[in-house]
Amino acid sequence: MAGHHLVTHLMGMSAKELSQTAFLWSGGSLTFARLRDRMLRMAAWLGEKARVAPGDCVAVCLPKSAEAVIAMYGIFAAGATYAPLQFLGPPERLNGILRSLRARLLLSAAPMSPRFAPENASVLREIGLREDGSGLDDWLQDVAPRAAPFEVAPDDLAWLIFTSGSTGEPKGVMLSHRNLAAHIEGMKRRDRMSPADLRISHSPLHYVSAFDLLFPLVSGVRTFLLSERDAMISERLAEVMERQQAIILSMSATALRLLLERGHLERRALSRLRRISFYGEAMPIPALRQVMEALPGVEFVNHYGATEMYNIANFIVPRPLPDDMLRLPLGWPVDYCEVSLRDEAGREVAKGEVGEICVVSPGVTLGYWRDPELTASAQLAGIPCSHRTGDFAFGDESGLLHPIGRTDQLVKVRGQRLDLGEVEAVLRMHPPGTRLIRGCHLRSGCGSAGSGARRGEPCPAGRTQPVVPTAPAEPRPSRPDHHAGSLSSSRHG
């Protein structure tokens with residue numbers, strides 16, 4: 001059995017393991033036995049009916065559902081490349097990615113058809129989604145399952161994840177089977193997952209963090225498929241956490257803040273909740289103190305990484321949180337990567353000095369889809385499986401990484417990436433003395449605190465203080481997307 005090909009774990013499970021639940025959702029559940037059968041049938045259907053060959057790219061644009069999970073597992077078992085797209089995403093973005101992919105097949109659902117360009121109609125196959133997760137049964141029931149998943153090499157392309165494109169064209173990040181295996185095994189150790197646990201899958205399918213859908217293969221953990229709608233509504237997420245008695249949850253720092261503000265955690269019975277890891281941007285210390293008070297029995301972990309190397313460092317938040325802590329460290333490097341801090345010339349800096357975080361690991365992705373120049377620029381010269389993150393930090397005596405800033409001008413505010421150069425460019429389009437407030441502009445004579453306000457008076461209700469760069473800066477080329485749980489200028493792909 002090839003350890004790098006994760007879906008082959010299903011082939012070696014005992015009868016007892018196969019009878020256990022792998023996935024559940026609001027309308028049903030899926031055992032490992034049924035998942036294995038549907039995976040092997042899906043792999044056979046892809047080859048026989050859709051003419052998908054090993055190495056071909058299959059795009060999937062579906063909501064989080066049992067059908068989406070079966071499709072993903074079947075694509076891996078067929079030796080093809082899985083490329084998830086944002087369900088109900090903007091047509092321009094979706095069709096731009098599809099032009100880049102040149103996918104052999106596009107699996108989607110009826111609501112998406114009007115969003116796809118006519119040239120994609122020839123490869124589009126619509127799946128009829130059902131509440132019980134049986135939407136693929138009509139395709140698969142007359143197909144004999146493969147005897148086993150197709151054999152793949154460790155560095156064969158497994159997954160293509162596309163960044164948001166907020167700073168340019170979306171970039172395809174290429175994950176190999178070796179990358180996936182390294183991360184899944186590492187996260188299993190980090191979260192101490194077991195078959196007795198229930199983990200909520202919170203991320204949308206088109207995020208790299210959605211590889212938590214592979215966790216059941218190596219840990220037996222039951223995984224609840226949280227719909228995109230429930231993930232966006234904090235009250236619904238809190239209800240699911242309570243009803244399902246969740247034990248492990250991983251989410252963005254913004255989603256955790258919204259859960260604190262709107263989830264009414266003080267009214268929830270969450271005694272089984274053991275661990276929450278958060279990522280994506282800086283978690284403000286005041287908000288972290290509040291959520292730790294609301295969930296006194298929960299271990300909180302700050303998770304730092306990048307789309308190109310999902311898990312770089314983790315920091316288990318101490319209880320009680322020190323009074324003098326102003327922001328969280330990034331954490332200690334994980335055990336399957338080597339982290340160094342380097343200067344612009346690529347030399348390691350002395351201990352305690354600031355340098356760019358660079359990583360060497362089997363988890364570092366293959367690079368960028370059809371962009372060898374960008375791939376080379378993000379690597380350390382002559383060092384395979386390496387990645388320059390674009391994040392500056394320093395390490396203390398214990399090796400703990402502390403954030404400093406970024407090599408570019410991107411900042412993250414409430415989950416949205418902003419390029420300070422672009423903000424400045426917009427400001428320059430207005431006459432001198434103009435200040436911008438949520439899309440409106442005010443002459444300087446109106447006061448700097450808000451519409452109609454005199455200088456020195458508070459901003460009227462519903463207004464915000466204007467955001468103006470402190471100094472002009474020339475636009476800089478964007479670097480690959482990152483997520484950093486305590487780096488305020490980080491990016492999350």
# chains A, B, ... in the order shown; residues from 1 in each chain; ligands from 1

call {"tool": "select_by_dssp", "arguments": {"residues": "segment 187-429 of chain A", "states": "alpha helix (DSSP H)", "output": "PyMOL selection string"}}
result
chain A and resi 187-191+215-219+228-232+234-244+253-262+285-294+372-377+420-428

call {"tool": "write_last_selection", "arguments": {"atoms": "C-alpha atoms", "output": "JSON list (two decimals), in the first residue's frame"}}
result
[["chain", "number", "residue", "atom", "x", "y", "z"],
["A", 187, "MET", "CA", -2.16, 17.60, 11.41],
["A", 188, "LYS", "CA", -3.20, 14.24, 12.84],
["A", 189, "ARG", "CA", -0.36, 14.49, 15.34],
["A", 190, "ARG", "CA", -1.09, 18.15, 16.08],
["A", 191, "ASP", "CA", -4.79, 17.70, 16.79],
["A", 215, "PHE", "CA", -8.42, 13.37, 7.82],
["A", 216, "PRO", "CA", -10.76, 10.37, 8.30],
["A", 217, "LEU", "CA", -8.38, 8.24, 6.22],
["A", 218, "VAL", "CA", -5.47, 8.43, 8.67],
["A", 219, "SER", "CA", -7.25, 8.96, 11.98],
["A", 228, "GLU", "CA", -21.36, 27.09, 3.14],
["A", 229, "ARG", "CA", -24.49, 28.82, 4.41],
["A", 230, "ASP", "CA", -24.14, 27.48, 7.95],
["A", 231, "ALA", "CA", -20.44, 28.36, 7.94],
["A", 232, "MET", "CA", -21.32, 32.01, 7.22],
["A", 234, "SER", "CA", -22.41, 32.12, 13.35],
["A", 235, "GLU", "CA", -25.66, 31.21, 15.11],
["A", 236, "ARG", "CA", -26.06, 28.16, 12.86],
["A", 237, "LEU", "CA", -22.44, 27.12, 13.38],
["A", 238, "ALA", "CA", -22.91, 27.31, 17.15],
["A", 239, "GLU", "CA", -26.09, 25.23, 16.88],
["A", 240, "VAL", "CA", -24.26, 22.55, 14.88],
["A", 241, "MET", "CA", -21.39, 22.54, 17.37],
["A", 242, "GLU", "CA", -23.86, 21.97, 20.21],
["A", 243, "ARG", "CA", -26.08, 19.44, 18.45],
["A", 244, "GLN", "CA", -23.24, 17.34, 17.07],
["A", 253, "ALA", "CA", -9.64, 34.14, 13.01],
["A", 254, "THR", "CA", -12.43, 36.26, 11.52],
["A", 255, "ALA", "CA", -14.92, 33.38, 11.76],
["A", 256, "LEU", "CA", -13.87, 32.79, 15.38],
["A", 257, "ARG", "CA", -14.47, 36.46, 16.21],
["A", 258, "LEU", "CA", -17.92, 36.31, 14.60],
["A", 259, "LEU", "CA", -18.69, 33.12, 16.54],
["A", 260, "LEU", "CA", -17.81, 34.98, 19.74],
["A", 261, "GLU", "CA", -19.91, 38.02, 18.82],
["A", 262, "ARG", "CA", -23.00, 36.26, 17.45],
["A", 285, "ILE", "CA", -5.78, 39.71, 22.05],
["A", 286, "PRO", "CA", -8.96, 41.28, 23.61],
["A", 287, "ALA", "CA", -11.19, 39.08, 21.43],
["A", 288, "LEU", "CA", -9.05, 36.03, 22.22],
["A", 289, "ARG", "CA", -9.39, 36.70, 25.96],
["A", 290, "GLN", "CA", -13.18, 36.87, 25.58],
["A", 291, "VAL", "CA", -13.53, 33.64, 23.63],
["A", 292, "MET", "CA", -11.20, 31.85, 26.07],
["A", 293, "GLU", "CA", -13.42, 32.99, 28.94],
["A", 294, "ALA", "CA", -16.53, 31.82, 27.06],
["A", 372, "PRO", "CA", 7.74, 28.26, -13.81],
["A", 373, "GLU", "CA", 9.10, 31.79, -13.34],
["A", 374, "LEU", "CA", 6.91, 32.48, -10.30],
["A", 375, "THR", "CA", 7.64, 28.98, -9.02],
["A", 376, "ALA", "CA", 11.39, 29.61, -9.19],
["A", 377, "SER", "CA", 11.11, 33.05, -7.57],
["A", 420, "LEU", "CA", -1.85, 49.69, 0.40],
["A", 421, "GLY", "CA", -0.47, 50.68, -2.98],
["A", 422, "GLU", "CA", -3.93, 50.24, -4.51],
["A", 423, "VAL", "CA", -5.51, 52.23, -1.68],
["A", 424, "GLU", "CA", -3.03, 55.02, -2.32],
["A", 425, "ALA", "CA", -3.73, 54.92, -6.06],
["A", 426, "VAL", "CA", -7.46, 55.42, -5.39],
["A", 427, "LEU", "CA", -6.74, 58.31, -3.07],
["A", 428, "ARG", "CA", -4.60, 59.97, -5.72]]

call {"tool": "residues_around", "arguments": {"residues": "segment 168-179 of chain A", "least_positions_apart": "3", "cutoff": "9 Å", "atoms": "only C-alpha atoms", "output": "PyMOL selection string"}}
result
chain A and resi 3-6+93+96-97+100-101+152-165+182-184+307-309+361-371+478+480-481

call {"tool": "closest_atom_pairs", "arguments": {"of": "segment 191-309 of chain A", "to": "segment 51-68 of chain A", "cutoff": "8 Å", "atoms": "only C-alpha atoms", "output": "Markdown table"}}
result
| residue | atom | partner | partner_atom | distance |
| --- | --- | --- | --- | --- |
| A:Pro204 | CA | A:Lys64 | CA | 7.0 |
| A:Leu205 | CA | A:Lys64 | CA | 6.4 |
| A:Leu225 | CA | A:Lys64 | CA | 6.5 |
| A:Leu226 | CA | A:Lys64 | CA | 7.1 |
| A:Ser227 | CA | A:Lys64 | CA | 5.7 |
| A:Glu228 | CA | A:Lys64 | CA | 6.8 |

call {"tool": "write_last_selection", "arguments": {"atoms": "N, CA and C atoms", "output": "PDB file, in the first residue's frame"}}
result
ATOM      1  N   PRO A 204     -14.691  26.305   2.974  1.00  0.00           N
ATOM      2  CA  PRO A 204     -15.272  25.980   1.666  1.00  0.00           C
ATOM      3  C   PRO A 204     -14.356  25.032   0.905  1.00  0.00           C
ATOM      4  N   LEU A 205     -14.921  24.316  -0.051  1.00  0.00           N
ATOM      5  CA  LEU A 205     -14.156  23.308  -0.775  1.00  0.00           C
ATOM      6  C   LEU A 205     -13.008  23.890  -1.582  1.00  0.00           C
ATOM      7  N   LEU A 225     -19.867  17.674   7.609  1.00  0.00           N
ATOM      8  CA  LEU A 225     -19.803  18.566   6.456  1.00  0.00           C
ATOM      9  C   LEU A 225     -20.698  19.776   6.707  1.00  0.00           C
ATOM     10  N   LEU A 226     -20.082  20.878   7.106  1.00  0.00           N
ATOM     11  CA  LEU A 226     -20.825  22.104   7.376  1.00  0.00           C
ATOM     12  C   LEU A 226     -21.074  22.830   6.057  1.00  0.00           C
ATOM     13  N   SER A 227     -22.324  23.116   5.757  1.00  0.00           N
ATOM     14  CA  SER A 227     -22.649  23.788   4.503  1.00  0.00           C
ATOM     15  C   SER A 227     -22.066  25.198   4.488  1.00  0.00           C
ATOM     16  N   GLU A 228     -21.881  25.736   3.267  1.00  0.00           N
ATOM     17  CA  GLU A 228     -21.357  27.086   3.143  1.00  0.00           C
ATOM     18  C   GLU A 228     -22.254  28.097   3.852  1.00  0.00           C
TER      19      GLU A 228
END

call {"tool": "atom_distance", "arguments": {"atom1": "atom CA of Leu24 of chain A", "atom2": "atom CA of Tyr82 of chain A"}}
result
21.9 Å

call {"tool": "select_by_dssp", "arguments": {"residues": "segment 116-183 of chain A", "states": "strand (DSSP E)", "output": "list in words"}}
result
Leu124, Arg125, Glu126, Leu157, Ala158, Trp159, Leu160, Ile161, Phe162, Gly172, Val173, Met174, Leu175 and Ser176 of chain A

call {"tool": "residues_around", "arguments": {"residues": "Cys358 of chain A", "least_positions_apart": "6", "cutoff": "6 Å", "atoms": "only C-alpha atoms", "output": "list in words"}}
result
Val339, Ser340, His387, Arg388 and Thr389 of chain A

call {"tool": "write_last_selection", "arguments": {"atoms": "C-alpha atoms", "output": "PDB file, in the first residue's frame"}}
result
ATOM      1  CA  VAL A 339      12.414  26.747   9.114  1.00  0.00           C
ATOM      2  CA  SER A 340      15.126  29.346   8.688  1.00  0.00           C
ATOM      3  CA  HIS A 387       9.498  28.116  -0.089  1.00  0.00           C
ATOM      4  CA  ARG A 388      10.114  31.781   0.721  1.00  0.00           C
ATOM      5  CA  THR A 389       7.003  32.949   2.523  1.00  0.00           C
TER       6      THR A 389
END
